[in-house]
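A.B. asks: The following file, target_14.txt, comprises compact mmCIF, C-alpha atoms:
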# COMPACT_ATOMS: atom_id res chain seq x y z
CA MET F 1 0.00 0.00 0.00
CA THR F 2 1.09 3.60 -0.50
CA THR F 3 1.87 5.82 2.46
CA PRO F 4 0.30 9.31 2.74
CA ALA F 5 3.53 10.87 1.43
CA GLU F 6 3.97 8.36 -1.40
CA PRO F 7 2.49 9.05 -4.86
CA LEU F 8 0.02 6.60 -6.36
CA ILE F 9 2.35 5.88 -9.30
CA ARG F 10 6.01 6.30 -8.38
CA ASN F 11 7.53 5.62 -11.79
CA ILE F 12 6.81 4.04 -15.17
CA SER F 13 7.31 0.52 -13.78
CA ASP F 14 4.26 0.92 -11.54
CA THR F 15 2.07 1.10 -14.66
CA ALA F 16 2.89 -2.58 -15.25
CA LEU F 17 1.24 -3.46 -11.93
CA TRP F 18 -1.83 -1.51 -12.94
CA VAL F 19 -2.13 -3.13 -16.39
CA ALA F 20 -1.70 -6.60 -14.85
CA VAL F 21 -4.94 -6.00 -12.93
CA TYR F 22 -6.86 -5.68 -16.20
CA ARG F 23 -5.36 -8.94 -17.47
CA ALA F 24 -6.32 -10.63 -14.21
CA ARG F 25 -9.91 -9.39 -14.43
CA GLU F 26 -10.34 -10.65 -17.99
CA SER F 27 -8.70 -13.98 -17.12
CA GLU F 28 -11.18 -14.56 -14.30
CA ARG F 29 -14.27 -14.09 -16.50
CA PRO F 30 -16.07 -17.27 -17.59
CA ASP F 31 -15.96 -15.99 -21.19
CA ALA F 32 -12.34 -14.78 -21.03
CA HIS F 33 -10.57 -14.11 -24.33
CA PHE F 34 -7.23 -15.10 -22.76
CA ARG F 35 -6.07 -16.67 -19.52
CA ASP F 36 -3.19 -15.18 -17.58
CA PRO F 37 -3.05 -17.20 -14.34
CA TYR F 38 -0.13 -15.14 -13.06
CA ALA F 39 -1.55 -11.64 -13.52
CA ARG F 40 -3.31 -11.31 -10.16
CA LYS F 41 -0.22 -12.28 -8.20
CA LEU F 42 2.04 -10.07 -10.29
CA ALA F 43 -0.25 -7.06 -9.87
CA GLY F 44 -0.27 -7.45 -6.13
CA ALA F 45 -2.00 -5.14 -3.67
CA ARG F 46 -0.34 -2.07 -5.15
CA GLY F 47 -1.65 -2.82 -8.64
CA GLU F 48 -5.16 -3.21 -7.24
CA GLN F 49 -4.85 0.08 -5.40
CA ILE F 50 -3.68 1.93 -8.52
CA ALA F 51 -6.44 0.43 -10.67
CA ALA F 52 -9.13 1.19 -8.09
CA THR F 53 -8.02 4.80 -7.70
CA ILE F 54 -7.72 5.49 -11.43
CA ALA F 55 -10.94 3.66 -12.35
CA SER F 56 -13.07 6.53 -11.06
CA LYS F 57 -11.31 8.93 -13.44
CA ALA F 58 -10.42 7.06 -16.61
CA SER F 59 -8.82 3.96 -18.08
CA PRO F 60 -11.57 1.33 -18.37
CA ASP F 61 -10.66 -2.32 -18.90
CA TRP F 62 -11.64 -2.73 -22.54
CA PRO F 63 -8.63 -1.10 -24.29
CA TYR F 64 -6.24 -3.38 -22.42
CA VAL F 65 -8.26 -6.48 -23.23
CA ALA F 66 -8.37 -5.50 -26.91
CA ARG F 67 -4.64 -4.74 -26.94
CA THR F 68 -3.69 -8.03 -25.31
CA VAL F 69 -5.85 -10.06 -27.70
CA ARG F 70 -4.43 -8.35 -30.81
CA PHE F 71 -0.83 -8.77 -29.67
CA ASP F 72 -1.50 -12.45 -28.95
CA GLN F 73 -2.94 -12.89 -32.43
CA ILE F 74 -0.01 -11.17 -34.14
CA ILE F 75 2.49 -13.24 -32.18
CA ASN F 76 0.76 -16.52 -33.02
CA GLU F 77 0.46 -15.66 -36.70
CA GLN F 78 4.06 -14.53 -37.05
CA ILE F 79 5.33 -17.71 -35.41
CA LYS F 80 3.26 -19.69 -37.91
CA GLN F 81 4.95 -17.66 -40.66
CA GLY F 82 8.43 -18.53 -39.47
CA ALA F 83 9.43 -16.12 -36.71
CA ASP F 84 12.13 -17.85 -34.68
CA MET F 85 12.64 -15.08 -32.10
CA VAL F 86 10.35 -12.70 -30.23
CA ILE F 87 11.96 -9.68 -28.58
CA ASN F 88 9.72 -7.99 -26.04
CA LEU F 89 11.03 -4.49 -25.27
CA ALA F 90 9.89 -2.94 -21.96
CA ALA F 91 8.22 -6.28 -21.23
CA GLY F 92 6.84 -5.27 -17.84
CA LEU F 93 4.81 -8.09 -16.30
CA ASP F 94 3.99 -9.88 -19.55
CA THR F 95 3.74 -13.67 -19.12
CA ARG F 96 3.23 -14.86 -22.69
CA PRO F 97 6.21 -17.29 -22.58
CA TYR F 98 4.37 -19.05 -19.74
CA ARG F 99 0.72 -18.74 -20.72
CA MET F 100 0.76 -19.15 -24.53
CA ASP F 101 1.18 -22.35 -26.51
CA LEU F 102 4.56 -21.58 -28.07
CA PRO F 103 7.04 -23.88 -29.84
CA ALA F 104 9.80 -25.13 -27.59
CA SER F 105 12.38 -24.00 -30.17
CA LEU F 106 11.21 -20.36 -30.13
CA GLN F 107 13.69 -17.86 -28.70
CA TRP F 108 11.89 -15.34 -26.49
CA VAL F 109 13.87 -12.42 -25.09
CA GLU F 110 12.37 -9.81 -22.80
CA VAL F 111 14.10 -6.57 -21.93
CA ASP F 112 13.33 -4.21 -19.06
CA PHE F 113 14.76 -2.24 -16.15
CA PRO F 114 16.66 -4.36 -13.60
CA PRO F 115 14.20 -3.69 -10.70
CA MET F 116 11.24 -4.78 -12.84
CA ILE F 117 12.97 -8.01 -13.83
CA ASP F 118 14.07 -8.66 -10.24
CA TYR F 119 10.45 -8.27 -9.04
CA LYS F 120 9.09 -10.48 -11.79
CA GLU F 121 11.66 -13.22 -11.22
CA GLU F 122 10.78 -13.30 -7.53
CA ILE F 123 7.05 -13.70 -8.23
CA MET F 124 7.54 -16.21 -11.07
CA ARG F 125 10.09 -18.35 -9.26
CA GLY F 126 9.29 -22.02 -9.81
CA GLU F 127 7.29 -21.43 -12.99
CA THR F 128 8.53 -22.93 -16.26
CA PRO F 129 8.30 -21.17 -19.65
CA CYS F 130 7.34 -23.24 -22.66
CA CYS F 131 10.08 -21.92 -24.98
CA ARG F 132 13.73 -20.83 -24.91
CA PHE F 133 13.37 -17.85 -22.65
CA GLU F 134 15.75 -15.21 -21.33
CA ARG F 135 15.56 -11.85 -19.62
CA VAL F 136 17.88 -8.92 -20.22
CA ARG F 137 18.28 -6.13 -17.67
CA LEU F 138 18.67 -2.94 -19.68
CA ASP F 139 17.51 0.66 -19.79
CA LEU F 140 16.44 1.12 -23.42
CA ALA F 141 17.30 4.82 -23.13
CA ASP F 142 20.96 3.73 -23.14
CA VAL F 143 21.36 3.91 -26.90
CA GLU F 144 24.77 2.30 -27.18
CA ALA F 145 23.78 -0.59 -24.90
CA ARG F 146 20.58 -1.28 -26.81
CA ARG F 147 22.36 -1.16 -30.17
CA LYS F 148 24.86 -3.69 -28.86
CA LEU F 149 22.01 -5.92 -27.65
CA PHE F 150 20.12 -5.61 -30.95
CA HIS F 151 23.25 -6.56 -32.88
CA GLU F 152 23.78 -9.64 -30.70
CA LEU F 153 20.15 -10.75 -30.95
CA GLY F 154 19.99 -9.99 -34.67
CA ALA F 155 22.90 -12.35 -35.28
CA ARG F 156 21.02 -15.16 -33.52
CA ALA F 157 17.73 -14.81 -35.40
CA LYS F 158 16.59 -15.53 -38.93
CA LYS F 159 13.25 -13.79 -38.58
CA ALA F 160 12.55 -11.83 -35.41
CA LEU F 161 9.32 -10.23 -34.24
CA ILE F 162 9.73 -7.17 -32.03
CA ILE F 163 6.94 -6.23 -29.64
CA THR F 164 6.65 -2.89 -27.82
CA GLU F 165 3.33 -3.16 -26.02
CA GLY F 166 2.56 -0.01 -24.06
CA LEU F 167 6.01 1.54 -24.62
CA LEU F 168 5.97 4.05 -27.46
CA VAL F 169 3.42 6.40 -25.93
CA TYR F 170 5.98 7.29 -23.23
CA LEU F 171 8.66 8.28 -25.77
CA SER F 172 9.21 11.50 -27.70
CA ARG F 173 9.03 11.57 -31.50
CA ASP F 174 12.82 11.68 -31.71
CA GLU F 175 13.15 8.76 -29.30
CA VAL F 176 10.68 6.68 -31.34
CA ILE F 177 12.57 7.51 -34.55
CA GLY F 178 15.84 6.50 -32.92
CA LEU F 179 14.42 3.20 -31.71
CA ALA F 180 12.84 2.48 -35.11
CA ASN F 181 16.12 3.15 -36.88
CA ASP F 182 18.06 0.95 -34.47
CA LEU F 183 15.62 -1.91 -35.01
CA ALA F 184 15.73 -1.47 -38.79
CA ALA F 185 19.54 -1.70 -38.69
CA GLN F 186 19.23 -5.45 -38.01
CA PRO F 187 18.32 -7.40 -41.19
CA SER F 188 16.74 -10.25 -39.22
CA PHE F 189 14.33 -7.93 -37.39
CA ARG F 190 11.46 -8.36 -39.86
CA GLU F 191 8.21 -7.53 -38.03
CA TRP F 192 7.30 -5.10 -35.25
CA ALA F 193 4.06 -5.07 -33.23
CA ILE F 194 3.15 -1.75 -31.64
CA ASP F 195 0.22 0.07 -30.12
CA LEU F 196 -0.43 3.62 -31.26
CA CYS F 197 -2.70 6.52 -30.37
CA SER F 198 -3.82 9.59 -32.26
CA PRO F 199 -3.06 13.17 -31.16
CA GLY F 200 -6.68 13.40 -30.04
CA LEU F 201 -6.47 10.31 -27.83
CA LEU F 202 -3.07 11.39 -26.49
CA LYS F 203 -4.51 14.75 -25.42
CA MET F 204 -7.48 13.05 -23.76
CA LEU F 205 -5.27 10.60 -21.86
CA GLN F 206 -2.90 13.36 -20.75
CA LYS F 207 -5.88 15.19 -19.27
CA GLU F 208 -7.41 12.10 -17.63
CA LEU F 209 -4.15 10.65 -16.29
CA PRO F 210 -2.12 13.53 -14.81
CA VAL F 211 -0.80 11.02 -12.28
CA LEU F 212 1.60 9.76 -14.97
CA SER F 213 3.14 13.19 -15.52
CA GLU F 214 3.37 13.69 -11.77
CA ALA F 215 5.36 10.43 -11.58
CA GLY F 216 7.80 11.66 -14.22
CA SER F 217 6.35 9.38 -16.91
CA PRO F 218 4.26 11.68 -19.11
CA LEU F 219 2.47 10.42 -22.20
CA LYS F 220 4.19 11.95 -25.24
CA PHE F 221 3.72 10.06 -28.49
CA GLY F 222 0.63 10.32 -30.65
CA PRO F 223 1.82 11.03 -34.20
CA GLU F 224 -0.45 12.99 -36.51
CA GLU F 225 0.77 10.80 -39.40
CA GLY F 226 -0.75 7.68 -37.83
CA PRO F 227 0.94 4.34 -38.67
CA ASP F 228 2.65 5.93 -41.68
CA PHE F 229 4.89 7.79 -39.23
CA PHE F 230 7.25 4.82 -39.37
CA VAL F 231 7.70 4.62 -43.15
CA PRO F 232 10.76 6.95 -43.30
CA THR F 233 12.49 4.74 -40.71
CA GLY F 234 12.17 1.59 -42.83
CA TRP F 235 8.90 0.21 -41.46
CA LYS F 236 5.46 0.22 -43.09
CA PRO F 237 2.05 -0.74 -41.65
CA ALA F 238 0.95 -4.25 -42.62
CA GLU F 239 -1.96 -4.62 -40.17
CA VAL F 240 -3.90 -1.93 -38.30
CA HIS F 241 -6.50 -3.02 -35.75
CA SER F 242 -8.66 -0.32 -34.17
CA MET F 243 -8.95 -0.76 -30.41
CA ILE F 244 -12.58 0.26 -30.34
CA LYS F 245 -13.57 -2.08 -33.18
CA THR F 246 -11.61 -4.94 -31.63
CA ALA F 247 -13.32 -4.38 -28.27
CA ALA F 248 -16.70 -4.36 -30.03
CA GLN F 249 -15.91 -7.66 -31.76
CA LEU F 250 -14.89 -9.11 -28.39
CA GLN F 251 -18.09 -7.83 -26.77
CA ARG F 252 -16.12 -5.78 -24.27
CA LEU F 253 -17.09 -2.31 -25.46
CA PRO F 254 -19.35 -0.22 -23.17
CA MET F 255 -22.83 0.41 -24.52
CA PHE F 256 -22.31 4.15 -24.97
CA LEU F 257 -19.43 3.52 -27.40
CA ARG F 258 -21.04 0.88 -29.58
CA LEU F 259 -22.46 3.31 -32.12
CA ILE F 260 -19.01 4.82 -32.61
CA ALA F 261 -17.64 1.36 -33.34
CA LEU F 262 -20.04 1.09 -36.28
CA LEU F 263 -18.38 3.96 -38.12
CA PRO F 264 -16.20 3.02 -41.13
CA GLU F 265 -12.64 1.99 -40.35
CA SER F 266 -10.01 4.70 -40.71
CA ASN F 267 -6.35 3.76 -40.42
CA GLY F 268 -4.60 6.91 -41.60
CA ARG F 269 -4.33 10.37 -40.07
CA GLN F 270 -6.75 10.78 -37.18
CA GLY F 271 -6.13 14.34 -35.95
CA SER F 272 -8.30 15.23 -32.97
CA ARG F 273 -10.28 11.98 -33.18
CA PRO F 274 -9.61 9.81 -30.09
CA TRP F 275 -8.30 6.73 -31.88
CA GLY F 276 -6.02 3.90 -30.81
CA ALA F 277 -4.83 0.78 -32.60
CA VAL F 278 -2.54 -2.22 -32.50
CA CYS F 279 -0.39 -2.33 -35.60
CA ARG F 280 2.01 -4.75 -37.19
CA LEU F 281 4.81 -3.02 -39.02
CA THR F 282 6.92 -4.84 -41.56
CA ARG F 283 10.19 -3.93 -43.23
CA THR F 284 9.99 -1.77 -46.32
Starting from the file, give its structure as structure tokens.
C.D. replies:
Amino acid sequence: MTTPAEPLIRNISDTALWVAVYRARESERPDAHFRDPYARKLAGARGEQIAATIASKASPDWPYVARTVRFDQIINEQIKQGADMVINLAAGLDTRPYRMDLPASLQWVEVDFPPMIDYKEEIMRGETPCCRFERVRLDLADVEARRKLFHELGARAKKALIITEGLLVYLSRDEVIGLANDLAAQPSFREWAIDLCSPGLLKMLQKELPVLSEAGSPLKFGPEEGPDFFVPTGWKPAEVHSMIKTAAQLQRLPMFLRLIALLPESNGRQGSRPWGAVCRLTRT
């Protein structure tokens, strides 16, 4: 629990506890679209406290359910198409190497801050992943260190899928461009799964979640170009899945949003429209 002098969210790593609560809630439904048996324990009491406090202001469950389902689908499909490595950057409390049916030969590498990995290893002690799994303690803001890691991983893979679930929104445009260029520098890094928001959604979230800015983790990235933002860096959109349409298909969308979900799909520039999506980028 937080003390009176302690902020609700202390740093960006605390957001992983909060998001784990949403995975736990979905997993415990009789009609769950995925099962994460570890999420409740990983979220802990602090995650529950964060989710309960923020729930009265913003951040309903459905975007996180939609995001998780779409990332799961992209991962499964890319493995079927020959991906031999998955690299999860800023992995947080993701448990896909434990909860998904993955080939034993798959290389899965997750990267995150040392304290996050230490916490996760303590909670997951005794659990066995279903593939070749490793964790790397690294601050992705250390450009030289991440380039070195990407080079080493790129040499080990024939076709790698990169996933950055919940990461890019915390980066500046220049930081996203730098990361995209570093990933594109490795020939074996072929596919990249991201989540993306429009300038309109970014502005709305910034207003509804000031607690993130107060914790030194402000939301920054919502490109006006939409998924095409990445084309100059060597990546082009191959799949774009609207969060709101995905949630409607999953029957998780609140009633008051269902009419909006019936509007025609739009995957380009969104401007002030509050739009979010999961995208698969592929090499140009």
A.B. asks: Set the distance at 12 Å and use all atoms listed in the file: which residues neighbour Thr128 of chain F once local chain neighbours fewer than 5 positions away are removed? I'd like the list as a list in words.
C.D. replies: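 Contacts, with the query itself left out: Thr95, Arg96, Pro97, Tyr98, Arg99, Met100, Ala104, Glu121, Phe133 and Glu134 of chain F.
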A.B. asks: Under the rule that only C-alpha atoms are counted, which of F:Asp195, F:Asp112, F:Glu144, F:Asp84 is the nearest residue to Gly166 of chain F?
C.D. replies: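 For Gly166 of chain F, the nearest of the given residues is F:Asp195.
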A.B. asks: Neighbours of Pro60 of chain F within 10 Å (only C-alpha atoms; same-chain residues fewer than 6 positions away dropped), as a short mmCIF file (atom, residue, chain, number, x, y, z; two decimals) with C-alpha atoms, keeping the file's coordinate frame?
C.D. replies:
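The new file result.cif reads:
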data_model
loop_
_atom_site.label_atom_id
_atom_site.label_comp_id
_atom_site.auth_asym_id
_atom_site.auth_seq_id
_atom_site.Cartn_x
_atom_site.Cartn_y
_atom_site.Cartn_z
CA TYR F 22 -6.86 -5.68 -16.20
CA ALA F 51 -6.44 0.43 -10.67
CA ILE F 54 -7.72 5.49 -11.43
CA LEU F 253 -17.09 -2.31 -25.46
CA PRO F 254 -19.35 -0.22 -23.17
#
A.B. asks: Taking 6 positions as the minimum chain separation for residues in the same chain, which residues sit within 10 Å of Tyr119 of chain F when counting all atoms listed in the file? Answer as a list in words.
C.D. replies: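 Final neighbour list, sorted by chain and number: Leu42, Gly92 and Leu93 of chain F.
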A.B. asks: Skip Arg146 of chain F itself and residues of its chain fewer than 5 positions away, then list as a ChimeraX atom specification all residues within 10 Å of it, counting only C-alpha atoms.
C.D. replies: /F:111,138-141,151-152,179,182-183
A.B. asks: Output C-alpha atoms for every residue in that selection, as a PDB file, in the coordinates of the input.
C.D. replies:
ATOM      1  CA  VAL F 111      14.100  -6.570 -21.930  1.00  0.00           C
ATOM      2  CA  LEU F 138      18.670  -2.940 -19.680  1.00  0.00           C
ATOM      3  CA  ASP F 139      17.510   0.660 -19.790  1.00  0.00           C
ATOM      4  CA  LEU F 140      16.440   1.120 -23.420  1.00  0.00           C
ATOM      5  CA  ALA F 141      17.300   4.820 -23.130  1.00  0.00           C
ATOM      6  CA  HIS F 151      23.250  -6.560 -32.880  1.00  0.00           C
ATOM      7  CA  GLU F 152      23.780  -9.640 -30.700  1.00  0.00           C
ATOM      8  CA  LEU F 179      14.420   3.200 -31.710  1.00  0.00           C
ATOM      9  CA  ASP F 182      18.060   0.950 -34.470  1.00  0.00           C
ATOM     10  CA  LEU F 183      15.620  -1.910 -35.010  1.00  0.00           C
TER      11      LEU F 183
END
A.B. asks: For Pro227 of chain F, please output as an NGL selection string all residues within 9 Å (counting all atoms listed in the file; exclusion window: fewer than 2 positions along the same chain).
C.D. replies: :F and (196 or 223 or 225 or 229-231 or 236-237 or 240 or 267-269 or 279 or 281)
A.B. asks: Choose the residue, out of F:Lys207, F:Lys41, F:Arg132, F:Arg280, that has the smallest atom-to-atom separation from Ser242 of chain F; count all atoms listed in the file.
C.D. replies: F:Arg280
A.B. asks: Have a look at atom CA of Glu224 of chain F and atom CA of Arg252 of chain F and let me know their distance in Å, one decimal.
C.D. replies: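 Rounded to one decimal, the two atoms are 27.3 Å apart.
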A.B. asks: Mind completing segment 237-271 of chain F with N, CA and C atoms? Output as a PDB file, keeping the file's coordinate frame, please?
C.D. replies:
ATOM      1  N   PRO F 237       3.152  -0.003 -42.286  1.00  0.00           N
ATOM      2  CA  PRO F 237       2.050  -0.740 -41.650  1.00  0.00           C
ATOM      3  C   PRO F 237       1.554  -1.890 -42.525  1.00  0.00           C
ATOM      4  N   ALA F 238       1.465  -3.069 -41.934  1.00  0.00           N
ATOM      5  CA  ALA F 238       0.950  -4.250 -42.620  1.00  0.00           C
ATOM      6  C   ALA F 238      -0.423  -4.652 -42.078  1.00  0.00           C
ATOM      7  N   GLU F 239      -0.663  -4.384 -40.801  1.00  0.00           N
ATOM      8  CA  GLU F 239      -1.960  -4.620 -40.170  1.00  0.00           C
ATOM      9  C   GLU F 239      -2.240  -3.444 -39.245  1.00  0.00           C
ATOM     10  N   VAL F 240      -3.473  -2.977 -39.227  1.00  0.00           N
ATOM     11  CA  VAL F 240      -3.900  -1.930 -38.300  1.00  0.00           C
ATOM     12  C   VAL F 240      -5.244  -2.347 -37.724  1.00  0.00           C
ATOM     13  N   HIS F 241      -5.288  -2.534 -36.412  1.00  0.00           N
ATOM     14  CA  HIS F 241      -6.500  -3.020 -35.750  1.00  0.00           C
ATOM     15  C   HIS F 241      -6.982  -1.969 -34.751  1.00  0.00           C
ATOM     16  N   SER F 242      -8.069  -1.309 -35.068  1.00  0.00           N
ATOM     17  CA  SER F 242      -8.660  -0.320 -34.170  1.00  0.00           C
ATOM     18  C   SER F 242      -8.991  -0.953 -32.821  1.00  0.00           C
ATOM     19  N   MET F 243      -8.631  -0.269 -31.752  1.00  0.00           N
ATOM     20  CA  MET F 243      -8.950  -0.760 -30.410  1.00  0.00           C
ATOM     21  C   MET F 243     -10.454  -0.836 -30.197  1.00  0.00           C
ATOM     22  N   ILE F 244     -11.148   0.208 -30.614  1.00  0.00           N
ATOM     23  CA  ILE F 244     -12.580   0.260 -30.340  1.00  0.00           C
ATOM     24  C   ILE F 244     -13.337  -0.804 -31.146  1.00  0.00           C
ATOM     25  N   LYS F 245     -12.921  -1.036 -32.386  1.00  0.00           N
ATOM     26  CA  LYS F 245     -13.570  -2.080 -33.180  1.00  0.00           C
ATOM     27  C   LYS F 245     -13.228  -3.471 -32.653  1.00  0.00           C
ATOM     28  N   THR F 246     -11.994  -3.648 -32.213  1.00  0.00           N
ATOM     29  CA  THR F 246     -11.610  -4.940 -31.630  1.00  0.00           C
ATOM     30  C   THR F 246     -12.418  -5.208 -30.378  1.00  0.00           C
ATOM     31  N   ALA F 247     -12.547  -4.205 -29.505  1.00  0.00           N
ATOM     32  CA  ALA F 247     -13.320  -4.380 -28.270  1.00  0.00           C
ATOM     33  C   ALA F 247     -14.776  -4.690 -28.579  1.00  0.00           C
ATOM     34  N   ALA F 248     -15.322  -4.071 -29.637  1.00  0.00           N
ATOM     35  CA  ALA F 248     -16.700  -4.360 -30.030  1.00  0.00           C
ATOM     36  C   ALA F 248     -16.839  -5.807 -30.490  1.00  0.00           C
ATOM     37  N   GLN F 249     -15.882  -6.275 -31.285  1.00  0.00           N
ATOM     38  CA  GLN F 249     -15.910  -7.660 -31.760  1.00  0.00           C
ATOM     39  C   GLN F 249     -15.807  -8.651 -30.593  1.00  0.00           C
ATOM     40  N   LEU F 250     -15.073  -8.257 -29.562  1.00  0.00           N
ATOM     41  CA  LEU F 250     -14.890  -9.110 -28.390  1.00  0.00           C
ATOM     42  C   LEU F 250     -16.027  -8.990 -27.384  1.00  0.00           C
ATOM     43  N   GLN F 251     -16.970  -8.110 -27.664  1.00  0.00           N
ATOM     44  CA  GLN F 251     -18.090  -7.830 -26.770  1.00  0.00           C
ATOM     45  C   GLN F 251     -17.610  -7.321 -25.411  1.00  0.00           C
ATOM     46  N   ARG F 252     -16.642  -6.414 -25.483  1.00  0.00           N
ATOM     47  CA  ARG F 252     -16.120  -5.780 -24.270  1.00  0.00           C
ATOM     48  C   ARG F 252     -16.350  -4.271 -24.276  1.00  0.00           C
ATOM     49  N   LEU F 253     -16.933  -3.754 -25.334  1.00  0.00           N
ATOM     50  CA  LEU F 253     -17.090  -2.310 -25.460  1.00  0.00           C
ATOM     51  C   LEU F 253     -18.315  -1.839 -24.674  1.00  0.00           C
ATOM     52  N   PRO F 254     -18.186  -0.766 -23.890  1.00  0.00           N
ATOM     53  CA  PRO F 254     -19.350  -0.220 -23.170  1.00  0.00           C
ATOM     54  C   PRO F 254     -20.451   0.189 -24.146  1.00  0.00           C
ATOM     55  N   MET F 255     -21.673   0.130 -23.678  1.00  0.00           N
ATOM     56  CA  MET F 255     -22.830   0.410 -24.520  1.00  0.00           C
ATOM     57  C   MET F 255     -22.749   1.774 -25.192  1.00  0.00           C
ATOM     58  N   PHE F 256     -22.282   2.786 -24.436  1.00  0.00           N
ATOM     59  CA  PHE F 256     -22.310   4.150 -24.970  1.00  0.00           C
ATOM     60  C   PHE F 256     -21.306   4.355 -26.115  1.00  0.00           C
ATOM     61  N   LEU F 257     -20.406   3.404 -26.331  1.00  0.00           N
ATOM     62  CA  LEU F 257     -19.430   3.520 -27.400  1.00  0.00           C
ATOM     63  C   LEU F 257     -19.755   2.648 -28.612  1.00  0.00           C
ATOM     64  N   ARG F 258     -20.789   1.865 -28.526  1.00  0.00           N
ATOM     65  CA  ARG F 258     -21.040   0.880 -29.580  1.00  0.00           C
ATOM     66  C   ARG F 258     -21.443   1.514 -30.914  1.00  0.00           C
ATOM     67  N   LEU F 259     -22.118   2.637 -30.871  1.00  0.00           N
ATOM     68  CA  LEU F 259     -22.460   3.310 -32.120  1.00  0.00           C
ATOM     69  C   LEU F 259     -21.212   3.846 -32.822  1.00  0.00           C
ATOM     70  N   ILE F 260     -20.262   4.322 -32.038  1.00  0.00           N
ATOM     71  CA  ILE F 260     -19.010   4.820 -32.610  1.00  0.00           C
ATOM     72  C   ILE F 260     -18.271   3.689 -33.322  1.00  0.00           C
ATOM     73  N   ALA F 261     -18.330   2.506 -32.752  1.00  0.00           N
ATOM     74  CA  ALA F 261     -17.640   1.360 -33.340  1.00  0.00           C
ATOM     75  C   ALA F 261     -18.213   0.955 -34.684  1.00  0.00           C
ATOM     76  N   LEU F 262     -19.419   1.418 -34.996  1.00  0.00           N
ATOM     77  CA  LEU F 262     -20.040   1.090 -36.280  1.00  0.00           C
ATOM     78  C   LEU F 262     -19.575   1.993 -37.416  1.00  0.00           C
ATOM     79  N   LEU F 263     -18.871   3.055 -37.087  1.00  0.00           N
ATOM     80  CA  LEU F 263     -18.380   3.960 -38.120  1.00  0.00           C
ATOM     81  C   LEU F 263     -17.346   3.246 -38.993  1.00  0.00           C
ATOM     82  N   PRO F 264     -17.182   3.660 -40.243  1.00  0.00           N
ATOM     83  CA  PRO F 264     -16.200   3.020 -41.130  1.00  0.00           C
ATOM     84  C   PRO F 264     -14.790   3.077 -40.546  1.00  0.00           C
ATOM     85  N   GLU F 265     -14.023   2.045 -40.822  1.00  0.00           N
ATOM     86  CA  GLU F 265     -12.640   1.990 -40.350  1.00  0.00           C
ATOM     87  C   GLU F 265     -11.819   3.106 -40.980  1.00  0.00           C
ATOM     88  N   SER F 266     -10.913   3.660 -40.207  1.00  0.00           N
ATOM     89  CA  SER F 266     -10.010   4.700 -40.710  1.00  0.00           C
ATOM     90  C   SER F 266      -8.650   4.454 -40.098  1.00  0.00           C
ATOM     91  N   ASN F 267      -7.660   4.144 -40.930  1.00  0.00           N
ATOM     92  CA  ASN F 267      -6.350   3.760 -40.420  1.00  0.00           C
ATOM     93  C   ASN F 267      -5.252   4.763 -40.736  1.00  0.00           C
ATOM     94  N   GLY F 268      -5.608   5.909 -41.266  1.00  0.00           N
ATOM     95  CA  GLY F 268      -4.600   6.910 -41.600  1.00  0.00           C
ATOM     96  C   GLY F 268      -4.514   7.993 -40.550  1.00  0.00           C
ATOM     97  N   ARG F 269      -4.402   9.236 -40.998  1.00  0.00           N
ATOM     98  CA  ARG F 269      -4.330  10.370 -40.070  1.00  0.00           C
ATOM     99  C   ARG F 269      -5.656  10.492 -39.315  1.00  0.00           C
ATOM    100  N   GLN F 270      -5.554  10.731 -38.006  1.00  0.00           N
ATOM    101  CA  GLN F 270      -6.750  10.780 -37.180  1.00  0.00           C
ATOM    102  C   GLN F 270      -7.004  12.165 -36.577  1.00  0.00           C
ATOM    103  N   GLY F 271      -5.967  12.998 -36.495  1.00  0.00           N
ATOM    104  CA  GLY F 271      -6.130  14.340 -35.950  1.00  0.00           C
ATOM    105  C   GLY F 271      -6.668  14.327 -34.536  1.00  0.00           C
TER     106      GLY F 271
END
